[in-house]
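Engineer: Provided herewith is a single structure, encoded as structure tokens, for subsequent inquiry.
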Amino acid sequence: MHRPYVLLSAAVSLDGYLDDTGPERLLLSGPADFDRVDEVRAGVDAILVGAGTIRADNPRLLVNSPERRAARIREGRPAYPLKVAVSGSGDLDPAARFWHTGGEKVLYTTDRGAGRARALGLAADVVPLGPELDWRRLLEHLGTVRGVRRLMVEGGGLIHTQLITQGLADELQLVLAPLFVGDPDAPRLFGPGSYQGGRLRLVETRPLGDVVLMRYEPTAPGTGTAASAADHHWLALACALAAECPPSGTAFSVGAVVVAADGTELARGHSREGGDPVVHAEEAALARTDPADPRLAGATVYSSLEPCARRASRPVPCARLILDAGVRRVVTAWREPDTFVAGADGSGVLRDGGATVVVLPEYEERAKAPNRHLTGG
């Protein structure tokens, strides 16, 4: 699935509320953060909100800075990002400011909701997703049909919860405001749900007046064939490791990372590291793990190139090393070409051994980059 990078953006009180229950919107941020949000909006292809946010806040969701709009136009982009609404019922006020400011708008809804939205005359492209809202279909449509590569999600709490629990959020930008709400009837950022285990990775903290911005990335791998946002992060790291390999005219440059189910990195490696001219990336990474570590059974191996099924340099190929280690999930970017081994099918070996193999072809070019001299591509 070619989906956009999904960035969740929210401001909360110290006790985790998005708003209070008063008639006016509770302003949690200040001028410095409002300007930062405007900068983030200017850098994305689309901004998404749920129906509840449109009804409660009547937002415009614009890039307010003329200079930032002008910069977008110079880059060949529209002045405003695409505005995306999500509503299962399609029952939205056609007079809301969302529909009458900025550039293009699209509404994602259900089959039944599409009929209602069209009857209301909403000023948007209406896209039905089936009998129920399907976030993976929505993101795929945004990526493949609308060309959205970076998506900012501004609420509300239900939308954020669904994207986090389904493993579809690549980044959380959370602003913490120095006040308390304390009203159990007020809306909270996250609700109950089946959240992935493990800790998120803190990638930035920044004071902005009296509020603090915290940026987090998820770390927990997906399960089965469904790719999570963290799968994309870890595979991108494997591709970056491939670029660190000493060059070779007789072997591919590959990077690999072994990650436990809770998002803990267990080991990493790359081809020909440590002066060993024939060591493979997965082999190097697994050599750093404890064979008795119970986390290996639930771990995922990320490899920029499909693990090998046959090799001349060592008696055991990497696909078999992975299975022997007890790992039963592999995420890769690129199927091994016939450059050195005809009919290579490491994925077949892994599947025959009971492992799940997930291929994310959007990372193939990154995986190929340090191997151009071998493939000629």
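Residues are named by chain letter and number: chains run A, B, ... in the order of the structure tokens, numbers start at 1 in each chain, and ligands are numbered from 1 in the order shown.
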Taking 4 positions as the minimum chain separation for residues in the same chain, which residues sit within 9 Å of segment 153-165 of chain A when counting only C-alpha atoms? Answer as JSON, numbers by chain.
Structural biologist: {"A": [6, 7, 8, 9, 10, 18, 46, 47, 48, 49, 50, 51, 52, 53, 61, 86, 135, 169, 170, 187, 188, 189, 190, 191, 192, 193, 194, 195, 196, 218]}
Engineer: Quick one: residues within 12 Å of Gly343 of chain A, only C-alpha atoms counted, chain neighbours fewer than 5 positions away excluded, as an MDAnalysis selection string?
Structural biologist: chainID A and resid 308:310 335:338 348
Engineer: Running DSSP on the backbone, which parts of segment 167-364 of chain A land in helix (DSSP H, G or I), as a CSV table (one decimal) with all heavy atoms, in the first residue's frame?
Structural biologist:
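And here is the file that came out, selection.csv:
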chain,number,residue,atom,x,y,z
A,229,ALA,N,3.0,1.6,11.0
A,229,ALA,CA,3.9,2.7,10.7
A,229,ALA,C,5.3,2.4,11.2
A,229,ALA,O,6.3,2.8,10.5
A,229,ALA,CB,3.3,4.0,11.5
A,230,ALA,N,5.4,1.7,12.3
A,230,ALA,CA,6.8,1.4,12.8
A,230,ALA,C,7.5,0.5,11.8
A,230,ALA,O,8.7,0.6,11.7
A,230,ALA,CB,6.7,0.7,14.2
A,231,ASP,N,6.8,-0.4,11.1
A,231,ASP,CA,7.4,-1.2,10.1
A,231,ASP,C,8.2,-0.3,9.1
A,231,ASP,O,9.3,-0.6,8.6
A,231,ASP,CB,6.4,-2.1,9.4
A,231,ASP,CG,5.9,-3.3,10.2
A,231,ASP,OD1,6.7,-3.7,11.1
A,231,ASP,OD2,4.8,-3.7,10.0
A,232,HIS,N,7.5,0.8,8.7
A,232,HIS,CA,8.1,1.7,7.7
A,232,HIS,C,9.4,2.3,8.3
A,232,HIS,O,10.4,2.5,7.6
A,232,HIS,CB,7.1,2.8,7.3
A,232,HIS,CG,6.0,2.2,6.5
A,232,HIS,ND1,5.9,2.4,5.1
A,232,HIS,CD2,4.9,1.5,6.8
A,232,HIS,CE1,4.8,1.9,4.6
A,232,HIS,NE2,4.2,1.3,5.6
A,233,HIS,N,9.3,2.7,9.6
A,233,HIS,CA,10.5,3.4,10.2
A,233,HIS,C,11.7,2.4,10.2
A,233,HIS,O,12.8,2.7,9.9
A,233,HIS,CB,10.2,3.8,11.6
A,233,HIS,CG,9.3,5.0,11.7
A,233,HIS,ND1,9.6,6.2,11.3
A,233,HIS,CD2,8.0,5.1,12.3
A,233,HIS,CE1,8.6,7.0,11.5
A,233,HIS,NE2,7.6,6.4,12.1
A,234,TRP,N,11.4,1.1,10.7
A,234,TRP,CA,12.5,0.2,10.8
A,234,TRP,C,13.1,-0.2,9.5
A,234,TRP,O,14.3,-0.4,9.3
A,234,TRP,CB,12.0,-1.1,11.6
A,234,TRP,CG,11.7,-0.8,13.0
A,234,TRP,CD1,10.5,-0.9,13.7
A,234,TRP,CD2,12.7,-0.5,14.1
A,234,TRP,NE1,10.7,-0.6,15.0
A,234,TRP,CE2,12.0,-0.3,15.3
A,234,TRP,CE3,14.1,-0.2,14.0
A,234,TRP,CZ2,12.6,0.0,16.5
A,234,TRP,CZ3,14.7,0.1,15.2
A,234,TRP,CH2,14.0,0.2,16.4
A,235,LEU,N,12.2,-0.4,8.4
A,235,LEU,CA,12.7,-0.8,7.1
A,235,LEU,C,13.5,0.4,6.5
A,235,LEU,O,14.6,0.2,5.9
A,235,LEU,CB,11.6,-1.1,6.2
A,235,LEU,CG,12.0,-1.7,4.8
A,235,LEU,CD1,12.9,-3.0,5.0
A,235,LEU,CD2,10.8,-2.1,4.0
A,236,ALA,N,13.1,1.6,6.8
A,236,ALA,CA,13.9,2.8,6.3
A,236,ALA,C,15.3,2.7,7.0
A,236,ALA,O,16.3,3.0,6.3
A,236,ALA,CB,13.2,4.1,6.7
A,237,LEU,N,15.4,2.3,8.3
A,237,LEU,CA,16.7,2.2,8.9
A,237,LEU,C,17.5,1.1,8.3
A,237,LEU,O,18.7,1.3,8.1
A,237,LEU,CB,16.5,1.9,10.4
A,237,LEU,CG,17.7,1.6,11.2
A,237,LEU,CD1,18.8,2.7,11.2
A,237,LEU,CD2,17.4,1.2,12.7
A,238,ALA,N,16.9,0.0,8.0
A,238,ALA,CA,17.6,-1.1,7.3
A,238,ALA,C,18.2,-0.6,6.0
A,238,ALA,O,19.4,-1.0,5.6
A,238,ALA,CB,16.7,-2.3,7.1
A,239,CYS,N,17.4,0.2,5.2
A,239,CYS,CA,17.9,0.7,4.0
A,239,CYS,C,19.1,1.6,4.2
A,239,CYS,O,20.1,1.7,3.4
A,239,CYS,CB,16.8,1.4,3.2
A,239,CYS,SG,15.5,0.2,2.6
A,240,ALA,N,19.0,2.4,5.3
A,240,ALA,CA,20.1,3.4,5.6
A,240,ALA,C,21.4,2.6,5.9
A,240,ALA,O,22.5,3.0,5.6
A,240,ALA,CB,19.7,4.3,6.7
A,241,LEU,N,21.2,1.4,6.7
A,241,LEU,CA,22.4,0.6,7.0
A,241,LEU,C,23.0,0.0,5.8
A,241,LEU,O,24.2,-0.2,5.7
A,241,LEU,CB,21.9,-0.5,7.9
A,241,LEU,CG,21.6,-0.1,9.4
A,241,LEU,CD1,20.9,-1.3,10.1
A,241,LEU,CD2,22.8,0.4,10.1
A,242,ALA,N,22.2,-0.3,4.7
A,242,ALA,CA,22.8,-0.8,3.5
A,242,ALA,C,23.7,0.1,2.9
A,242,ALA,O,24.7,-0.3,2.2
A,242,ALA,CB,21.6,-1.2,2.5
A,273,GLU,N,30.4,-6.1,7.3
A,273,GLU,CA,30.8,-5.3,8.4
A,273,GLU,C,31.9,-6.0,9.2
A,273,GLU,O,32.1,-7.2,9.1
A,273,GLU,CB,29.6,-4.9,9.3
A,273,GLU,CG,29.1,-6.1,10.1
A,273,GLU,CD,28.0,-5.6,11.1
A,273,GLU,OE1,27.0,-5.1,10.7
A,273,GLU,OE2,28.3,-5.7,12.3
A,274,GLY,N,32.7,-5.2,9.9
A,274,GLY,CA,33.7,-5.8,10.8
A,274,GLY,C,34.8,-6.4,10.0
A,274,GLY,O,35.6,-7.3,10.6
A,275,GLY,N,35.0,-6.1,8.8
A,275,GLY,CA,36.1,-6.6,8.0
A,275,GLY,C,35.9,-8.0,7.4
A,275,GLY,O,36.8,-8.6,6.8
A,281,ALA,N,24.0,-9.3,6.0
A,281,ALA,CA,23.4,-8.3,7.0
A,281,ALA,C,22.6,-9.1,8.1
A,281,ALA,O,22.8,-8.8,9.3
A,281,ALA,CB,22.5,-7.3,6.3
A,282,GLU,N,21.7,-10.0,7.7
A,282,GLU,CA,20.9,-10.7,8.6
A,282,GLU,C,21.7,-11.6,9.5
A,282,GLU,O,21.5,-11.7,10.7
A,282,GLU,CB,19.8,-11.5,7.9
A,282,GLU,CG,18.9,-10.8,7.0
A,282,GLU,CD,19.5,-10.7,5.6
A,282,GLU,OE1,20.7,-10.8,5.4
A,282,GLU,OE2,18.6,-10.6,4.6
A,283,GLU,N,22.8,-12.2,8.9
A,283,GLU,CA,23.7,-13.0,9.7
A,283,GLU,C,24.4,-12.2,10.8
A,283,GLU,O,24.5,-12.6,11.9
A,283,GLU,CB,24.7,-13.6,8.7
A,283,GLU,CG,25.8,-14.5,9.3
A,283,GLU,CD,26.8,-14.9,8.3
A,283,GLU,OE1,26.9,-14.3,7.2
A,283,GLU,OE2,27.6,-15.8,8.5
A,284,ALA,N,24.9,-11.0,10.4
A,284,ALA,CA,25.6,-10.1,11.3
A,284,ALA,C,24.7,-9.7,12.5
A,284,ALA,O,25.1,-9.7,13.6
A,284,ALA,CB,26.2,-8.9,10.6
A,285,ALA,N,23.4,-9.3,12.1
A,285,ALA,CA,22.5,-8.9,13.2
A,285,ALA,C,22.2,-10.0,14.1
A,285,ALA,O,22.2,-9.9,15.3
A,285,ALA,CB,21.3,-8.3,12.5
A,286,LEU,N,21.8,-11.2,13.6
A,286,LEU,CA,21.4,-12.3,14.4
A,286,LEU,C,22.6,-12.8,15.3
A,286,LEU,O,22.3,-13.3,16.4
A,286,LEU,CB,20.9,-13.5,13.6
A,286,LEU,CG,19.5,-13.2,12.9
A,286,LEU,CD1,19.2,-14.3,11.9
A,286,LEU,CD2,18.4,-13.2,14.0
A,287,ALA,N,23.8,-12.6,14.8
A,287,ALA,CA,25.0,-13.0,15.6
A,287,ALA,C,25.1,-12.2,16.9
A,287,ALA,O,25.7,-12.6,17.9
A,287,ALA,CB,26.2,-12.9,14.8
A,294,PRO,N,13.9,-15.0,24.7
A,294,PRO,CA,12.5,-15.4,24.3
A,294,PRO,C,11.8,-14.4,23.4
A,294,PRO,O,10.8,-14.7,22.8
A,294,PRO,CB,11.8,-15.5,25.7
A,294,PRO,CG,12.6,-14.6,26.6
A,294,PRO,CD,14.0,-14.8,26.1
A,295,ARG,N,12.4,-13.2,23.3
A,295,ARG,CA,11.8,-12.1,22.5
A,295,ARG,C,11.9,-12.4,21.0
A,295,ARG,O,11.2,-11.9,20.2
A,295,ARG,CB,12.4,-10.8,22.8
A,295,ARG,CG,12.0,-10.3,24.2
A,295,ARG,CD,12.8,-9.0,24.6
A,295,ARG,NE,14.2,-9.2,24.6
A,295,ARG,CZ,15.1,-8.2,24.8
A,295,ARG,NH1,14.6,-7.0,25.0
A,295,ARG,NH2,16.4,-8.5,24.8
A,296,LEU,N,12.9,-13.3,20.6
A,296,LEU,CA,13.1,-13.6,19.2
A,296,LEU,C,11.8,-14.3,18.6
A,296,LEU,O,11.5,-14.0,17.4
A,296,LEU,CB,14.3,-14.5,19.0
A,296,LEU,CG,15.6,-13.9,19.2
A,296,LEU,CD1,16.7,-14.9,19.2
A,296,LEU,CD2,15.9,-12.9,18.1
A,297,ALA,N,11.1,-15.0,19.4
A,297,ALA,CA,9.9,-15.7,18.8
A,297,ALA,C,8.8,-14.7,18.4
A,297,ALA,O,8.1,-15.0,17.4
A,297,ALA,CB,9.3,-16.6,19.9
A,298,GLY,N,8.8,-13.5,18.9
A,298,GLY,CA,7.8,-12.5,18.5
A,298,GLY,C,8.4,-11.4,17.8
A,298,GLY,O,7.8,-10.4,17.5
A,318,CYS,N,20.6,-17.0,4.9
A,318,CYS,CA,20.0,-16.1,5.9
A,318,CYS,C,18.5,-16.5,6.2
A,318,CYS,O,18.1,-16.3,7.3
A,318,CYS,CB,20.1,-14.7,5.4
A,318,CYS,SG,21.8,-14.1,5.5
A,319,ALA,N,17.8,-16.9,5.2
A,319,ALA,CA,16.4,-17.3,5.4
A,319,ALA,C,16.4,-18.4,6.5
A,319,ALA,O,15.5,-18.4,7.4
A,319,ALA,CB,15.7,-17.8,4.1
A,320,ARG,N,17.3,-19.4,6.4
A,320,ARG,CA,17.3,-20.5,7.3
A,320,ARG,C,17.8,-20.0,8.7
A,320,ARG,O,17.3,-20.4,9.7
A,320,ARG,CB,18.2,-21.6,6.8
A,320,ARG,CG,18.4,-22.8,7.7
A,320,ARG,CD,17.1,-23.4,8.2
A,320,ARG,NE,16.1,-23.7,7.2
A,320,ARG,CZ,14.9,-24.0,7.4
A,320,ARG,NH1,14.4,-24.1,8.6
A,320,ARG,NH2,14.1,-24.3,6.4
A,321,LEU,N,18.8,-19.1,8.7
A,321,LEU,CA,19.2,-18.5,10.0
A,321,LEU,C,18.1,-17.8,10.7
A,321,LEU,O,18.0,-18.0,12.0
A,321,LEU,CB,20.4,-17.5,9.8
A,321,LEU,CG,21.7,-18.1,9.3
A,321,LEU,CD1,22.7,-17.0,9.0
A,321,LEU,CD2,22.3,-19.0,10.4
A,322,ILE,N,17.3,-17.1,10.0
A,322,ILE,CA,16.1,-16.5,10.6
A,322,ILE,C,15.2,-17.5,11.2
A,322,ILE,O,14.7,-17.3,12.4
A,322,ILE,CB,15.4,-15.6,9.6
A,322,ILE,CG1,16.3,-14.4,9.2
A,322,ILE,CG2,14.1,-15.1,10.1
A,322,ILE,CD1,15.9,-13.6,8.0
A,323,LEU,N,14.8,-18.5,10.5
A,323,LEU,CA,13.9,-19.5,11.0
A,323,LEU,C,14.5,-20.2,12.2
A,323,LEU,O,13.8,-20.5,13.2
A,323,LEU,CB,13.6,-20.5,9.9
A,323,LEU,CG,12.8,-19.9,8.7
A,323,LEU,CD1,12.7,-21.0,7.6
A,323,LEU,CD2,11.4,-19.5,9.1
A,324,ASP,N,15.8,-20.6,12.1
A,324,ASP,CA,16.5,-21.3,13.2
A,324,ASP,C,16.5,-20.4,14.5
A,324,ASP,O,16.5,-21.0,15.6
A,324,ASP,CB,17.9,-21.7,12.8
A,324,ASP,CG,17.9,-22.8,11.8
A,324,ASP,OD1,16.8,-23.4,11.5
A,324,ASP,OD2,19.0,-23.0,11.2
A,346,GLY,N,14.1,-16.4,-1.3
A,346,GLY,CA,14.2,-16.5,0.2
A,346,GLY,C,12.8,-16.4,0.8
A,346,GLY,O,12.6,-17.0,1.9
A,347,SER,N,11.9,-15.6,0.2
A,347,SER,CA,10.6,-15.4,0.8
A,347,SER,C,9.9,-16.8,0.8
A,347,SER,O,9.2,-17.1,1.8
A,347,SER,CB,9.8,-14.4,0.0
A,347,SER,OG,10.4,-13.1,0.1
A,348,GLY,N,10.1,-17.6,-0.2
A,348,GLY,CA,9.5,-18.9,-0.3
A,348,GLY,C,10.0,-19.8,0.8
A,348,GLY,O,9.2,-20.5,1.4
A,349,VAL,N,11.3,-19.7,1.1
A,349,VAL,CA,11.9,-20.6,2.1
A,349,VAL,C,11.3,-20.1,3.5
A,349,VAL,O,10.9,-21.0,4.3
A,349,VAL,CB,13.4,-20.4,2.1
A,349,VAL,CG1,14.0,-21.1,3.4
A,349,VAL,CG2,14.0,-21.0,0.9
A,350,LEU,N,11.2,-18.8,3.7
A,350,LEU,CA,10.6,-18.3,4.9
A,350,LEU,C,9.2,-18.7,5.1
A,350,LEU,O,8.8,-19.2,6.2
A,350,LEU,CB,10.8,-16.8,5.0
A,350,LEU,CG,12.2,-16.3,5.2
A,350,LEU,CD1,12.3,-14.8,4.8
A,350,LEU,CD2,12.7,-16.5,6.6
A,351,ARG,N,8.4,-18.6,4.1
A,351,ARG,CA,7.0,-19.0,4.2
A,351,ARG,C,6.8,-20.5,4.4
A,351,ARG,O,6.0,-20.9,5.2
A,351,ARG,CB,6.2,-18.5,2.9
A,351,ARG,CG,6.1,-17.0,2.8
A,351,ARG,CD,5.1,-16.6,1.7
A,351,ARG,NE,5.0,-15.1,1.6
A,351,ARG,CZ,5.6,-14.4,0.7
A,351,ARG,NH1,6.3,-15.0,-0.3
A,351,ARG,NH2,5.4,-13.1,0.7
A,352,ASP,N,7.6,-21.3,3.7
A,352,ASP,CA,7.5,-22.7,3.9
A,352,ASP,C,7.9,-23.1,5.4
A,352,ASP,O,7.4,-24.1,5.9
A,352,ASP,CB,8.5,-23.4,3.0
A,352,ASP,CG,8.0,-23.4,1.5
A,352,ASP,OD1,6.8,-23.1,1.3
A,352,ASP,OD2,8.8,-23.7,0.6
A,361,PRO,N,7.2,-2.3,-1.3
A,361,PRO,CA,7.9,-2.0,-2.5
A,361,PRO,C,8.2,-0.5,-2.6
A,361,PRO,O,9.1,-0.1,-3.4
A,361,PRO,CB,6.9,-2.4,-3.6
A,361,PRO,CG,5.6,-2.4,-3.0
A,361,PRO,CD,5.8,-2.9,-1.5
A,362,GLU,N,7.5,0.4,-1.8
A,362,GLU,CA,7.9,1.8,-1.8
A,362,GLU,C,9.3,2.1,-1.3
A,362,GLU,O,9.8,3.2,-1.5
A,362,GLU,CB,6.8,2.6,-1.0
A,362,GLU,CG,6.7,2.2,0.4
A,362,GLU,CD,5.5,1.2,0.6
A,362,GLU,OE1,5.4,0.2,-0.1
A,362,GLU,OE2,4.7,1.5,1.5
A,363,TYR,N,9.9,1.1,-0.7
A,363,TYR,CA,11.3,1.3,-0.2
A,363,TYR,C,12.3,0.6,-1.2
A,363,TYR,O,13.5,0.6,-0.9
A,363,TYR,CB,11.5,0.7,1.2
A,363,TYR,CG,10.7,1.5,2.2
A,363,TYR,CD1,9.4,1.3,2.5
A,363,TYR,CD2,11.4,2.6,2.8
A,363,TYR,CE1,8.7,2.1,3.4
A,363,TYR,CE2,10.7,3.4,3.8
A,363,TYR,CZ,9.4,3.1,4.0
A,363,TYR,OH,8.7,3.9,4.9
A,364,GLU,N,11.8,0.1,-2.3
A,364,GLU,CA,12.7,-0.7,-3.2
A,364,GLU,C,13.8,0.2,-3.7
A,364,GLU,O,15.0,-0.2,-3.8
A,364,GLU,CB,11.9,-1.3,-4.3
A,364,GLU,CG,12.8,-2.1,-5.3
A,364,GLU,CD,11.9,-2.9,-6.3
A,364,GLU,OE1,10.8,-3.4,-5.9
A,364,GLU,OE2,12.3,-2.9,-7.5
Engineer: Please identify which residues in segment 184-365 of chain A DSSP calls strand (DSSP E) from the backbone, and express them as a ChimeraX atom specification.
Structural biologist: /A:201-208,211-217,255-259,265-270,300-303,329-332,356-359
Engineer: Which residues, written as a list of chain:residue names, have at least one atom at most 7 Å from segment 353-358 of chain A, with only C-alpha atoms counted and residues fewer than 6 positions away on the same chain left out?
Structural biologist: A:Gly224, A:Thr225, A:Leu323, A:Arg328, A:Arg329, A:Val330, A:Val331, A:Thr332, A:Ser347
Engineer: Write the residues of the preceding selection, restricted to N, CA, C and O atoms, as an mmCIF file, in the first residue's frame.
Structural biologist:
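So selection-v8.cif came out as:
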data_model
loop_
_atom_site.group_PDB
_atom_site.id
_atom_site.type_symbol
_atom_site.label_atom_id
_atom_site.label_comp_id
_atom_site.auth_asym_id
_atom_site.auth_seq_id
_atom_site.Cartn_x
_atom_site.Cartn_y
_atom_site.Cartn_z
ATOM 1 N N GLY A 224 1.374 -9.999 11.595
ATOM 2 C CA GLY A 224 0.902 -10.618 10.361
ATOM 3 C C GLY A 224 1.327 -9.822 9.146
ATOM 4 O O GLY A 224 2.397 -9.216 9.105
ATOM 5 N N THR A 225 0.452 -9.799 8.155
ATOM 6 C CA THR A 225 0.781 -9.128 6.899
ATOM 7 C C THR A 225 0.473 -7.642 6.922
ATOM 8 O O THR A 225 0.822 -6.922 5.986
ATOM 9 N N LEU A 323 14.836 -18.484 10.467
ATOM 10 C CA LEU A 323 13.919 -19.514 10.969
ATOM 11 C C LEU A 323 14.520 -20.245 12.169
ATOM 12 O O LEU A 323 13.823 -20.511 13.163
ATOM 13 N N ARG A 328 9.559 -15.291 13.162
ATOM 14 C CA ARG A 328 8.511 -15.727 12.234
ATOM 15 C C ARG A 328 7.849 -14.558 11.510
ATOM 16 O O ARG A 328 6.739 -14.669 10.999
ATOM 17 N N ARG A 329 8.546 -13.431 11.443
ATOM 18 C CA ARG A 329 8.021 -12.304 10.650
ATOM 19 C C ARG A 329 9.205 -11.545 10.063
ATOM 20 O O ARG A 329 10.147 -11.187 10.777
ATOM 21 N N VAL A 330 9.141 -11.280 8.762
ATOM 22 C CA VAL A 330 10.214 -10.587 8.046
ATOM 23 C C VAL A 330 9.582 -9.501 7.180
ATOM 24 O O VAL A 330 8.587 -9.743 6.485
ATOM 25 N N VAL A 331 10.161 -8.309 7.219
ATOM 26 C CA VAL A 331 9.730 -7.196 6.372
ATOM 27 C C VAL A 331 10.904 -6.805 5.496
ATOM 28 O O VAL A 331 12.018 -6.575 5.990
ATOM 29 N N THR A 332 10.670 -6.744 4.201
ATOM 30 C CA THR A 332 11.745 -6.445 3.262
ATOM 31 C C THR A 332 11.264 -5.466 2.203
ATOM 32 O O THR A 332 10.057 -5.257 2.025
ATOM 33 N N SER A 347 11.946 -15.592 0.236
ATOM 34 C CA SER A 347 10.598 -15.447 0.796
ATOM 35 C C SER A 347 9.872 -16.784 0.811
ATOM 36 O O SER A 347 9.157 -17.103 1.773
#
Engineer: Quick one: residues within 10 Å of Thr109 of chain A, only C-alpha atoms counted, chain neighbours fewer than 4 positions away excluded, as a PyMOL selection string?
Structural biologist: chain A and resi 85-91+113-117+126-134+138
Engineer: In terms of the shortest atom-to-atom distance over only C-alpha atoms, which of A:Gly326, A:Gly263, A:Gly102, A:Pro370 is closest to Gly197 of chain A?
Structural biologist: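 For Gly197 of chain A, the nearest of the candidates is A:Gly263.
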